[in-house]
Structure formats: C-alpha cells, structure tokens
>>> print(open('target_7.cif').read())   # mmCIF, C-alpha atoms
data_query
#
loop_
_atom_site.group_PDB
_atom_site.id
_atom_site.type_symbol
_atom_site.label_atom_id
_atom_site.label_comp_id
_atom_site.auth_asym_id
_atom_site.auth_seq_id
_atom_site.Cartn_x
_atom_site.Cartn_y
_atom_site.Cartn_z
ATOM 1 C CA MET A 1 34.394 -125.698 130.580
ATOM 2 C CA LEU A 2 32.927 -122.642 132.266
ATOM 3 C CA ARG A 3 29.530 -123.253 130.698
ATOM 4 C CA THR A 4 29.439 -126.916 131.708
ATOM 5 C CA GLY A 5 31.017 -126.493 135.145
ATOM 6 C CA VAL A 6 33.985 -128.757 134.326
ATOM 7 C CA THR A 7 37.233 -128.075 136.212
ATOM 8 C CA VAL A 8 40.752 -128.878 135.048
ATOM 9 C CA ASP A 9 40.810 -131.807 137.471
ATOM 10 C CA ASP A 10 37.500 -133.097 136.077
ATOM 11 C CA LEU A 11 38.833 -132.888 132.534
ATOM 12 C CA ALA A 12 42.070 -134.625 133.476
ATOM 13 C CA GLN A 13 40.219 -137.423 135.238
ATOM 14 C CA CYS A 14 37.852 -138.149 132.352
ATOM 15 C CA CYS A 15 40.781 -138.192 129.908
ATOM 16 C CA GLY A 16 43.020 -140.274 132.166
ATOM 17 C CA VAL A 17 45.861 -137.748 132.287
ATOM 18 C CA ASP A 18 47.650 -135.679 134.908
ATOM 19 C CA PRO A 19 45.978 -132.308 135.693
ATOM 20 C CA LYS A 20 49.182 -130.545 134.608
ATOM 21 C CA THR A 21 48.793 -132.104 131.161
ATOM 22 C CA ALA A 22 45.202 -130.880 130.914
ATOM 23 C CA GLU A 23 46.335 -127.438 132.064
ATOM 24 C CA ARG A 24 48.904 -127.321 129.240
ATOM 25 C CA TRP A 25 46.128 -128.014 126.701
ATOM 26 C CA LEU A 26 44.466 -124.811 127.883
ATOM 27 C CA THR A 27 47.489 -122.564 128.322
ATOM 28 C CA THR A 28 49.724 -123.542 125.415
ATOM 29 C CA GLY A 29 47.206 -124.501 122.751
ATOM 30 C CA ARG A 30 48.713 -127.973 122.520
ATOM 31 C CA VAL A 31 46.392 -130.405 120.749
ATOM 32 C CA PRO A 32 45.728 -133.552 122.835
ATOM 33 C CA HIS A 33 45.982 -137.085 121.503
ATOM 34 C CA ARG A 34 42.940 -138.235 119.535
ATOM 35 C CA THR A 35 41.599 -140.478 122.316
ATOM 36 C CA HIS A 36 41.902 -137.637 124.818
ATOM 37 C CA ARG A 37 40.090 -135.271 122.441
ATOM 38 C CA TRP A 38 37.246 -137.774 122.107
ATOM 39 C CA ALA A 39 36.970 -138.179 125.880
ATOM 40 C CA ALA A 40 36.968 -134.420 126.446
ATOM 41 C CA ALA A 41 34.352 -133.873 123.743
ATOM 42 C CA ARG A 42 32.054 -136.449 125.349
ATOM 43 C CA ARG A 43 32.521 -134.924 128.814
ATOM 44 C CA LEU A 44 31.911 -131.351 127.665
ATOM 45 C CA GLY A 45 29.112 -132.136 125.225
ATOM 46 C CA TYR A 46 30.763 -130.378 122.276
ATOM 47 C CA GLU A 47 32.057 -131.650 118.953
ATOM 48 C CA GLU A 48 35.766 -132.459 118.810
ATOM 49 C CA SER A 49 36.088 -130.147 115.788
ATOM 50 C CA TYR A 50 34.629 -127.294 117.874
ATOM 51 C CA LEU A 51 37.095 -127.778 120.721
ATOM 52 C CA TRP A 52 40.164 -128.370 118.508
ATOM 53 C CA PRO A 53 39.493 -127.228 114.938
ATOM 54 C CA GLN A 54 43.251 -127.086 114.334
ATOM 55 C CA ALA A 55 43.443 -130.892 114.715
ATOM 56 C CA LYS A 56 41.823 -131.326 111.297
ATOM 57 C CA ARG A 57 43.693 -131.176 108.023
ATOM 58 C CA PRO A 58 43.372 -127.692 106.426
ATOM 59 C CA ALA A 59 41.110 -128.922 103.636
ATOM 60 C CA ALA A 60 38.755 -130.660 106.056
ATOM 61 C CA ARG A 61 38.955 -128.096 108.841
ATOM 62 C CA ARG A 62 36.758 -125.460 107.231
ATOM 63 C CA SER A 63 33.996 -127.913 106.382
ATOM 64 C CA GLU A 64 34.076 -129.569 109.805
ATOM 65 C CA ALA A 65 34.172 -126.240 111.648
ATOM 66 C CA SER A 66 31.282 -124.848 109.613
ATOM 67 C CA GLN A 67 29.165 -127.906 110.410
ATOM 68 C CA SER A 68 30.026 -127.594 114.087
ATOM 69 C CA GLU A 69 28.961 -123.930 114.118
ATOM 70 C CA LEU A 70 25.311 -124.995 114.062
ATOM 71 C CA VAL A 71 24.264 -125.286 117.698
ATOM 72 C CA ARG A 72 20.588 -125.901 117.001
ATOM 73 C CA LEU A 73 17.962 -125.519 114.309
ATOM 74 C CA TYR A 74 14.525 -124.310 115.428
ATOM 75 C CA ALA A 75 11.549 -125.011 113.163
ATOM 76 C CA ASP A 76 10.328 -121.448 113.730
ATOM 77 C CA ARG A 77 11.507 -118.386 115.629
ATOM 78 C CA ALA A 78 8.644 -118.675 118.098
ATOM 79 C CA SER A 79 10.169 -121.969 119.300
ATOM 80 C CA VAL A 80 13.361 -120.333 120.567
ATOM 81 C CA PRO A 81 13.009 -120.337 124.379
ATOM 82 C CA ARG A 82 12.861 -116.954 126.069
ATOM 83 C CA GLU A 83 15.648 -118.106 128.377
ATOM 84 C CA VAL A 84 18.000 -118.455 125.396
ATOM 85 C CA TRP A 85 17.438 -114.853 124.319
ATOM 86 C CA LEU A 86 17.908 -113.585 127.877
ATOM 87 C CA ARG A 87 21.034 -115.655 128.477
ATOM 88 C CA MET A 88 22.749 -114.452 125.310
ATOM 89 C CA MET A 89 22.001 -110.799 126.021
ATOM 90 C CA THR A 90 23.102 -111.082 129.642
ATOM 91 C CA ASP A 91 26.356 -112.862 128.729
ATOM 92 C CA ALA A 92 27.389 -110.624 125.810
ATOM 93 C CA CYS A 93 30.490 -108.580 126.614
ATOM 94 C CA GLU A 94 31.803 -107.446 123.213
ATOM 95 C CA HIS A 95 29.095 -107.292 120.534
ATOM 96 C CA ILE A 96 25.325 -107.076 120.294
ATOM 97 C CA ASP A 97 24.110 -106.582 116.713
ATOM 98 C CA VAL A 98 20.447 -106.679 115.694
ATOM 99 C CA LEU A 99 19.111 -106.470 112.130
ATOM 100 C CA VAL A 100 15.315 -106.503 111.714
ATOM 101 C CA PHE A 101 12.437 -104.584 110.181
ATOM 102 C CA SER A 102 10.362 -104.042 113.333
ATOM 103 C CA GLY A 103 11.621 -106.693 115.769
ATOM 104 C CA THR A 104 8.438 -106.307 117.822
ATOM 105 C CA PHE A 105 8.885 -109.702 119.454
ATOM 106 C CA TYR A 106 12.351 -108.684 120.649
ATOM 107 C CA ALA A 107 10.973 -106.127 123.083
ATOM 108 C CA GLN A 108 8.014 -108.324 123.998
ATOM 109 C CA THR A 109 10.355 -111.166 124.925
ATOM 110 C CA GLN A 110 12.472 -108.795 127.006
ATOM 111 C CA PRO A 111 10.264 -105.994 128.410
ATOM 112 C CA ARG A 112 13.310 -104.238 129.905
ATOM 113 C CA VAL A 113 15.166 -104.532 126.614
ATOM 114 C CA ALA A 114 16.459 -100.941 126.605
ATOM 115 C CA ARG A 115 17.788 -101.259 130.148
ATOM 116 C CA MET A 116 19.443 -104.590 129.353
ATOM 117 C CA LEU A 117 21.090 -103.212 126.217
ATOM 118 C CA ALA A 118 22.298 -100.154 128.119
ATOM 119 C CA ASP A 119 23.748 -102.457 130.779
ATOM 120 C CA ALA A 120 25.538 -104.438 128.065
ATOM 121 C CA ALA A 121 27.038 -101.225 126.706
ATOM 122 C CA GLY A 122 28.044 -100.307 130.237
ATOM 123 C CA ARG A 123 30.101 -103.479 130.589
ATOM 124 C CA GLY A 124 31.906 -102.734 127.329
ATOM 125 C CA ALA A 125 29.754 -104.309 124.610
ATOM 126 C CA GLU A 126 29.276 -102.464 121.321
ATOM 127 C CA VAL A 127 25.491 -102.349 120.775
ATOM 128 C CA ARG A 128 24.268 -101.757 117.215
ATOM 129 C CA LEU A 129 20.561 -101.908 116.379
ATOM 130 C CA CYS A 130 19.364 -101.651 112.786
ATOM 131 C CA PHE A 131 15.625 -101.321 112.038
ATOM 132 C CA GLY A 132 13.740 -100.873 108.797
ATOM 133 C CA ALA A 133 13.104 -97.319 107.624
ATOM 134 C CA PRO A 134 9.281 -97.070 107.838
ATOM 135 C CA ASP A 135 8.918 -95.062 104.606
ATOM 136 C CA SER A 136 11.290 -97.217 102.539
ATOM 137 C CA ASP A 137 10.324 -99.220 99.478
ATOM 138 C CA ALA A 138 11.722 -102.357 101.110
ATOM 139 C CA VAL A 139 9.267 -102.067 104.004
ATOM 140 C CA ALA A 140 6.359 -101.388 101.647
ATOM 141 C CA THR A 141 7.294 -104.438 99.577
ATOM 142 C CA ARG A 142 7.471 -106.724 102.616
ATOM 143 C CA ASP A 143 4.126 -105.344 103.774
ATOM 144 C CA ARG A 144 2.523 -106.334 100.472
ATOM 145 C CA GLU A 145 4.180 -109.750 100.402
ATOM 146 C CA GLU A 146 2.837 -110.622 103.832
ATOM 147 C CA GLU A 147 -0.528 -108.952 103.157
ATOM 148 C CA LEU A 148 -0.216 -106.762 106.237
ATOM 149 C CA GLY A 149 -2.471 -104.036 104.914
ATOM 150 C CA GLY A 150 -0.021 -101.201 105.435
ATOM 151 C CA THR A 151 0.646 -101.967 109.117
ATOM 152 C CA LEU A 152 4.363 -102.849 108.962
ATOM 153 C CA ALA A 153 5.505 -99.221 108.940
ATOM 154 C CA HIS A 154 3.305 -98.577 111.992
ATOM 155 C CA LYS A 155 4.775 -101.631 113.736
ATOM 156 C CA ILE A 156 8.276 -100.287 113.150
ATOM 157 C CA ARG A 157 7.393 -96.875 114.556
ATOM 158 C CA SER A 158 5.793 -98.531 117.568
ATOM 159 C CA ALA A 159 8.793 -100.808 118.137
ATOM 160 C CA LEU A 160 11.215 -97.888 117.979
ATOM 161 C CA THR A 161 9.599 -96.345 121.058
ATOM 162 C CA TYR A 162 11.192 -99.112 123.139
ATOM 163 C CA TYR A 163 14.652 -98.081 122.003
ATOM 164 C CA ARG A 164 14.350 -94.297 122.106
ATOM 165 C CA PRO A 165 15.971 -94.233 125.599
ATOM 166 C CA LEU A 166 19.143 -95.662 124.037
ATOM 167 C CA ALA A 167 19.668 -92.661 121.780
ATOM 168 C CA GLY A 168 22.728 -90.917 123.148
ATOM 169 C CA VAL A 169 23.773 -93.790 125.427
ATOM 170 C CA GLU A 170 27.507 -94.334 125.086
ATOM 171 C CA GLY A 171 28.235 -97.618 123.345
ATOM 172 C CA CYS A 172 24.807 -97.816 121.687
ATOM 173 C CA GLU A 173 24.098 -96.866 118.086
ATOM 174 C CA LEU A 174 20.806 -97.089 116.225
ATOM 175 C CA ARG A 175 20.269 -96.918 112.467
ATOM 176 C CA LEU A 176 17.446 -97.324 109.939
ATOM 177 C CA HIS A 177 18.037 -99.383 106.789
ATOM 178 C CA SER A 178 16.232 -99.509 103.459
ATOM 179 C CA THR A 179 17.492 -102.880 102.239
ATOM 180 C CA THR A 180 15.684 -106.102 101.426
ATOM 181 C CA LEU A 181 15.691 -108.131 104.622
ATOM 182 C CA TYR A 182 16.533 -111.694 103.610
ATOM 183 C CA ALA A 183 17.170 -112.719 107.223
ATOM 184 C CA SER A 184 16.783 -111.148 110.634
ATOM 185 C CA LEU A 185 20.054 -111.352 112.560
ATOM 186 C CA PHE A 186 20.792 -111.289 116.285
ATOM 187 C CA ARG A 187 24.458 -111.431 117.249
ATOM 188 C CA TYR A 188 25.789 -111.783 120.788
ATOM 189 C CA ASP A 189 29.597 -111.993 120.757
ATOM 190 C CA ASP A 190 30.260 -115.294 118.945
ATOM 191 C CA GLU A 191 26.666 -116.530 119.045
ATOM 192 C CA ILE A 192 24.299 -115.593 116.214
ATOM 193 C CA MET A 193 20.610 -116.235 115.693
ATOM 194 C CA VAL A 194 19.731 -116.257 111.985
ATOM 195 C CA ASN A 195 16.021 -116.030 111.097
ATOM 196 C CA PRO A 196 15.812 -116.461 107.277
ATOM 197 C CA HIS A 197 12.653 -115.191 105.617
ATOM 198 C CA ALA A 198 10.372 -117.173 103.300
ATOM 199 C CA TYR A 199 8.174 -115.322 100.822
ATOM 200 C CA GLY A 200 4.765 -114.461 102.241
ATOM 201 C CA GLU A 201 5.502 -115.851 105.699
ATOM 202 C CA PRO A 202 5.908 -113.803 108.908
ATOM 203 C CA ALA A 203 9.336 -113.902 110.507
ATOM 204 C CA SER A 204 8.009 -115.774 113.547
ATOM 205 C CA ALA A 205 6.932 -118.704 111.342
ATOM 206 C CA ASN A 206 10.314 -119.079 109.650
ATOM 207 C CA PRO A 207 13.203 -121.297 110.830
ATOM 208 C CA THR A 208 15.906 -119.972 113.136
ATOM 209 C CA LEU A 209 19.518 -121.147 113.143
ATOM 210 C CA HIS A 210 21.510 -120.823 116.345
ATOM 211 C CA LEU A 211 25.157 -120.498 115.303
ATOM 212 C CA ARG A 212 28.328 -120.260 117.340
ATOM 213 C CA ARG A 213 31.330 -118.770 115.532
ATOM 214 C CA LEU A 214 34.428 -120.971 115.255
ATOM 215 C CA ASP A 215 37.894 -120.302 113.898
ATOM 216 C CA GLY A 216 37.950 -121.725 110.402
ATOM 217 C CA GLY A 217 34.162 -121.810 110.090
ATOM 218 C CA GLN A 218 32.241 -119.892 107.443
ATOM 219 C CA LEU A 219 28.569 -119.763 108.458
ATOM 220 C CA ALA A 220 28.722 -117.262 111.308
ATOM 221 C CA ASP A 221 31.198 -114.991 109.520
ATOM 222 C CA HIS A 222 28.950 -115.090 106.435
ATOM 223 C CA TYR A 223 26.107 -113.484 108.378
ATOM 224 C CA VAL A 224 28.353 -111.118 110.333
ATOM 225 C CA ALA A 225 29.560 -109.778 106.968
ATOM 226 C CA CYS A 226 25.931 -109.429 105.858
ATOM 227 C CA PHE A 227 25.153 -107.301 108.894
ATOM 228 C CA GLU A 228 28.175 -105.094 108.228
ATOM 229 C CA ARG A 229 27.081 -104.448 104.633
ATOM 230 C CA VAL A 230 23.615 -103.364 105.696
ATOM 231 C CA TRP A 231 24.976 -101.319 108.586
ATOM 232 C CA GLU A 232 27.212 -99.330 106.255
ATOM 233 C CA THR A 233 24.212 -98.281 104.132
ATOM 234 C CA ALA A 234 21.883 -97.484 107.055
ATOM 235 C CA LYS A 235 21.226 -93.971 108.352
ATOM 236 C CA PRO A 236 21.695 -92.969 112.008
ATOM 237 C CA TRP A 237 18.547 -92.620 114.105
ATOM 238 C CA ASN A 238 18.666 -90.319 117.117
ATOM 239 C CA GLY A 239 15.264 -91.034 118.576
ATOM 240 C CA GLU A 240 13.306 -88.530 116.508
ATOM 241 C CA GLU A 241 9.892 -89.274 115.010
ATOM 242 C CA VAL A 242 10.056 -91.093 111.665
#
>>> encode(input="target_7.cif", output="structure tokens")
Amino acid sequence: MLRTGVTVDDLAQCCGVDPKTAERWLTTGRVPHRTHRWAAARRLGYEESYLWPQAKRPAARRSEASQSELVRLYADRASVPREVWLRMMTDACEHIDVLVFSGTFYAQTQPRVARMLADAAGRGAEVRLCFGAPDSDAVATRDREEELGGTLAHKIRSALTYYRPLAGVEGCELRLHSTTLYASLFRYDDEIMVNPHAYGEPASANPTLHLRRLDGGQLADHYVACFERVWETAKPWNGEEV
C-alpha cells in the first residue's frame, strides 16, 4: 500500500467494505473474503497469493508463493533500469548483500556507491560485499571460459578501489571468495536480483531474475542460503592491496 500510494480508505472503497474492516485486515492478520482479496489484488497490482499467502492450502501455498516471488525476468542484466538499482539500495534498511567476481558495472551504475552503502549502514542495514579473490583458481577458470586474456583479476582489483573507503565503516563488511560463481546475487532486504551465469557468456549478457521474498516461498530463500554458504568460506578484506 505504501509503494502504490493506496490508503486504508482507498482499499475499503475498492473492496466495498467499511474502513474499519480494511484496518482489521492490516492489524490482526485476518484474511478477507475471496472476492475482497481479488479486488484488493487488482487495486494494488500484486498477486493475491503475494498479499495473503496464508489463504492457500498448505500444499498449494509454497508453490503459489514461489511463483509470486518472481517480480520480473530481464533478458539480460544490462536491461535492468538504473532506477531499479538505485531505488533498492536507497530503500534497504536491514540487509544489503552482494556476491560477484568484479561487479564493475555495480560501481559504474552508482558512481557514489561507497557513500550510498555507508549511508545504508548508517540507517541500520547490514552491508556485506563479497568479491572474487583475484589470485584464486575460480577467477582464473572464469577468465579462460570467457576468453578474457587474463584481465578478470585486474578488473577485480580495479573494482575493489571503489569499496576501499568502506573498510572499517561500522555495519559494512567486505570479503573475498574463491568459489565457483554460478550466479551473481544482489540482495536488498526482501528483494533479490539473481544474475545466473551461462558458460562462456559475460554476466551482463545473462538473464536477471528480480525476486521478492514471500513467507512460504522457496526461490528467494534458496539464493539467500547460497550467499550465506559462500560468505562463510570467504576471507575478510580490509582494504589492503591484493
């Protein structure tokens, strides 16, 4: 409702109920009648299963919620509008997690990226950035697969210069990983951008899934767990030369 500018009175009017009834939906967790759920979903522009996943039977809920987690599929990462990246970073209040090899585009899309991440940490978000270790076998393998001629390690070192100011900033932590990167991940609270990698193709040319985490869904949590596994194996980086 906040994102779409819909008030309680607006919601009540479109559903044909008293505002106090609509207020109870929000404050008590009461599930509205099916026709009211349909009307609210149309007004807000969200799937019914996203707004009230508990209305589904347990067996169907997980499947429906997982399907509703997909906000949009982009044919390639380059097609994700800059405004989307900026909006997610600006809105994040709890988590910002990034898993990449170099993530060069990330800083190019947001030239003040370090300042914005520091601001996010300042408002209480936990910021965790995980880059590829330049000297790792995983980076060397990806370099060969994409026929980069040994430049990927240099790209990582160059990209890290953008984030050196974050070393030591409270709420920000940076690490270097040596794992195979099957997908680049960008998490902002309950929104996650997943950029899966295809053999021999640059990350920018690969599809990007915009997910929004839902209770009962599996997709978003699947990739959050992936990030956590890599994060646990990664080594802290304090801004020194690598």
>>> resolve_selection(input="target_7.cif", expression="the PyMOL selection byres ((chain A and resi 35-48) around 12)", output="number ranges by chain")
A: 1-18, 21-22, 25, 30-34, 49-56, 61, 64-71, 212, 214
>>> resolve_selection(input="target_7.cif", expression="the PyMOL selection byres ((chain A and resi 93) around 12)", output="number ranges by chain")
A: 87-92, 94-97, 117-127, 171, 187-191
>>> resolve_selection(input="target_7.cif", expression="the PyMOL selection byres ((chain A and resi 199) around 12)", output="count of residues only")
20
>>> atom_distance(input="target_7.cif", atom1="CA of Trp85 in chain A", atom2="CA of Leu148 in chain A")
26.5 Å
>>> atom_distance(input="target_7.cif", atom1="CA of Ala78 in chain A", atom2="CA of Ile156 in chain A")
19.0 Å
>>> residues_around(input="target_7.cif", residues="Asn195 in chain A", least_positions_apart="6", cutoff="10 Å", atoms="only C-alpha atoms", output="number ranges by chain")
A: 74, 76-77, 100, 182-186, 203-210
>>> atom_distance(input="target_7.cif", atom1="CA of Thr151 in chain A", atom2="CA of Leu129 in chain A")
21.2 Å
>>> closest_residue(input="target_7.cif", among="A:Leu160, A:Val242, A:Leu174, A:Ala75", to="Val98 in chain A", atoms="all atoms listed in the file")
A:Leu174
>>> residues_around(input="target_7.cif", residues="Ala220 in chain A", least_positions_apart="4", cutoff="7 Å", atoms="only C-alpha atoms", output="PyMOL selection string")
chain A and resi 192+211-213+224
>>> residues_around(input="target_7.cif", residues="range 102-106 of chain A", least_positions_apart="5", cutoff="8 Å", atoms="all atoms listed in the file", output="PyMOL selection string")
chain A and resi 113+131-132+152+155-157+159-160
>>> write_last_selection(input="target_7.cif", atoms="C-alpha atoms", output="PDB file, in the coordinates of the input")
ATOM      1  CA  VAL A 113      15.166-104.532 126.614  1.00  0.00           C
ATOM      2  CA  PHE A 131      15.625-101.321 112.038  1.00  0.00           C
ATOM      3  CA  GLY A 132      13.740-100.873 108.797  1.00  0.00           C
ATOM      4  CA  LEU A 152       4.363-102.849 108.962  1.00  0.00           C
ATOM      5  CA  LYS A 155       4.775-101.631 113.736  1.00  0.00           C
ATOM      6  CA  ILE A 156       8.276-100.287 113.150  1.00  0.00           C
ATOM      7  CA  ARG A 157       7.393 -96.875 114.556  1.00  0.00           C
ATOM      8  CA  ALA A 159       8.793-100.808 118.137  1.00  0.00           C
ATOM      9  CA  LEU A 160      11.215 -97.888 117.979  1.00  0.00           C
TER      10      LEU A 160
END
